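What follows is one structure encoded as structure tokens, with my remarks underneath.
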Amino acid sequence: MCLAAIHNGADAVYMGVPGFNARGRTTDFSKDELKELIDLCHLYNVKVLLAFNVLIFEQELEFCINVLKDIIPLGPDAFIVQDLGLAKIIKEICPEQVVHASTQMTITNSQSIELLEDLNIKRFVLGREVSIEEIKKIKEKTDKELEVFVHGALCVAYSGQCLTSESLGGRSANRGQCAQSCRFEYDLIVDDKKYNTYNRDYLVSPKDLCGINEVKKLQEIGVACLKVEGRLKGPDYVASCAKSYRQELDQNTDEKQKAQSFNMMEKTFSRGFFSGWLNGVDHQQLVEGSYGNHRGPLVGKVHKVDSIKNVVWVESKEEIVRGMGILITEDKESAGKFDLGANVYDVIIQESPKENLKDNLYGLKFQNDISIRKVMPAMRVFINKDVKLQKELEKTYQDKSLLKRLPLTIKVTAKEDQKLRITASDEMHTVSVESEENLSAAQNRPITKEDLTKEFSKLGQTCFLLKSIEIHLPEGLFLANKQLKQCRQRMIEYLYTQRVAIKEKQIFPFNEISNENKQIIEKTPHKSKMNILIRSAHQLEDFLKTATYIENVGYIILDYEFGKDYDPGVKLVRSKGLKVAIATTRILKPGEYHHLKHIHRLNPDAVLARNLGAFHFLKNLNYEGEKLGDFSLNITNSITADYLMNKGFNSLCLSYDLNANQVEELLKKTNNPLLEINIHQYMPEFHMEHCVFAAFLSKGSSFKDCGKPCEKHKVELKDPYGNYHTLQADQECRNTLYKNIPQAMTSKMKEWQTVNIGSFRIEALNESGEELARKCDLYGQFLDNKIELEELTDKLNVIEKFGVTEGQLLFKDNYQDRKQFK
């Protein structure tokens, strides 16, 4: 894999930090293997970026620091980091170490970048959902390097904001354990009835990203790096992508060359290609819907089937040969559902077909155990394996004549009775070597310039290629060939040593994880406040009419689809003598500041900030209310919590990735008495730029032409396990999928009142305000010791249509919690 990247033009490779990376289904490198790979890449002037791109739990902090102390001396060029606390640790223990912000940080605006200035992050990998125009606006506001994904699998959810795997099986995508839930088939339930999608049941499975046509625009903007995703792919995929994008960056390719690259990459892996969000949203193109796996390029269709001779005749624009992998499928809007994937056993070519066909006709024969009974004319034909192409790509990193070579300039100086002196430069380093013996007058055949050129051109087993040689050689001198060979060998050895040499970085201690170094705030039992999140105006009205247990309510948080409803909502809450907060959208992009300005004008008592950019924007507007941080900030350890509190947050809701033990470990180590835990909520699973409403209930590509079906229909998705999930749109038409079974953390509430929990939160979804009031009253009675835990749970199960669960809270073990070194 690494060789495929190096020899096909990659400037950098990224690989996982052993034990802590977002590739949960891979085997990690050992420390020795990591060192070997770093040296190999540096030899070829390729940088190594180590992905430390997961959230870190409290009990892992000390172990993480030890991992850093082990790996930093190996010489990685940068760490790619998701966790803010980890970024702070790296800065403190090794200020020289370069840090890049992972796309898992969900950076989609310049305000977030500005807020994190003190972490000394050199490069930000932007969210895949940011368009070229938005990237341009971000770049205009920052001098930080920006990195952009241009190729590979697309997550339908914002990276760092997907909780579907966590919700369905305790497998956190923020811990590298993504269960690929977006690749499932789902039933589309519209207004309580199954909707006919005509076999487009992969409702949230995007096509793969291919941004090769957008490369020049990204170059012009000043994007520092183009990123290719390679999760669980093979070396042929790596080779084809590196080769294609290197060519596009370095040359003025024409349409024919682009098409060849496109086809080559499609064959190595693709679910169909699309430019993703680089050109803005297009809800009709992003998700095809009839499949969720590798297809390859569409090359033609079935012409006819000869069931007697067991031959499928195919019209194909591309040559089909024996050994190719072929996929035959139904049209995406056909009534049936059929896939046939098989290797071609034999090919019959009909030279002069009677029919006047646009493409060539090929008779395909498969092995006898492959049934073609269901194959019908007009079915689509894809090539998903091309053995000839695979062999060609293998050559690019195995054939010595095709490997990457570094230009070498050599100067040779010879003088009688002195040592032969060789100075070699590889454009980065210069070394000098001398022969062990002096040159002498030749008794027989003297050495010639041709001899020297021939000897110093013998670089085939190295990474070098002789670019030029300058020779100063008087006539009539002699030096043994053995001496010349030794000079060449030592020259190469010295250059190798220089190229893989590591600048030693000083590592300092990090003491913040020890309570011995903190001023401990005494923790005393107290009655935590309850914050109630409400999603619609009518829900708020009914809640306030019927709720009786509101004396312990901290904030009524308004989280509406339409901003116009906020003004009367704020006034209504305040008329009841309660404090009101307004939630920001979960994502903030350039040009979306009108929502925040509207919130600022309404001047609520608090704002629930769901992204760092919104927090920083409001802070710069001198908003004077309290600033509450939501779960989407991914707080899983005390370092992150303390860092954000020092930025000016008044409260922080802990991440939904934490189980009870992890929550308690965090609470032991933080001095922050104003943390919040969501005790009753419908897990927000996918948070998507993609709009399922528009894609399947309209012909529109964006909000401009979709007809707003989200305002007219109730939509749910039913997963393969029978679970229902509610779909809702926000003010920017982004979709969130919520699990219909609420998570209720009832068993830990009283225990957590004695520690650093300032408030509990209860969130509504689609229930009536009256039902919400009944739930809040039950929680109030429980905290006041008026009902027991069993009664609380029983009554919640009656109110909730699908019952309640404690979800990941009581999971004692995470799915493959931490991978180990080999």
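Quick note on naming: the chains in the structure tokens go A, B, ... in the order shown, residues restart at 1 in each chain, and ligands are numbered from 1 in order of appearance.
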
Task: Distance query region 89-106 of chain A at most 6 Å, only C-alpha atoms, self and fewer than 4 positions along chain excluded, as a list in words - done: Ala78, Phe79, Ile80, Val81, Gln82, Ile121, Lys122, Arg123, Phe124, Val125, Leu126, Gly127, Ser159, Gly160, Ile507, Phe508, Pro509 and Phe510 of chain A

Open item on the list: If we count only C-alpha atoms and set the cut-off at 9 Å, which residues sit around Leu452 (chain A), ignoring sequence neighbours fewer than 3 positions away in its own chain? Please answer as a PyMOL selection string.
Closed with: chain A and resi 412+447-449+455-457+471+484

Task: Nearby residues (only C-alpha atoms) at most 10 Å from Met264 (chain A), same-chain spacing under 6 positions excluded, as JSON, numbers by chain - done: {"A": [236, 237, 240, 241, 244, 258, 296, 297, 386, 389, 390, 393]}

- [ ] Report the residues of region 3-219 of chain A whose backbone DSSP state falls under helix (DSSP H, G or I), written as a ChimeraX atom specification.
- [x] /A:3-6,31-43,58-74,84-93,103-105,110-115,117-119,132-140,164-169,173-175,181-183,212-219

Open item on the list: If you run DSSP on the backbone here, which positions in region 538-578 of chain A get strand (DSSP E or B)? Please write them as a list in words.
Closed with: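 Those in region 538-578 of chain A that DSSP calls strand (DSSP E or B) are Val553, Gly554, Tyr555, Ile556, Ile557 and Leu558 of chain A.
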
Open item on the list: Under the rule that only C-alpha atoms are counted, which of A:Leu772, A:Ile383, A:Leu84, A:Ile587 is the nearest residue to Gln539 (chain A)?
Closed with: A:Leu772

Task: Residue neighbourhood region 653-662 of chain A, 8 Å, only C-alpha atoms, exclusion window fewer than 5 positions, as JSON, numbers by chain - done: {"A": [57, 58, 59, 163, 166, 172, 174, 628, 629, 630, 631, 632, 633, 634, 635, 636, 675, 676, 677, 678, 748, 808, 809, 810, 811, 812]}

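In this model, the gap between CA of Leu168 (chain A) and CA of His713 (chain A) comes to 25.3 Å.
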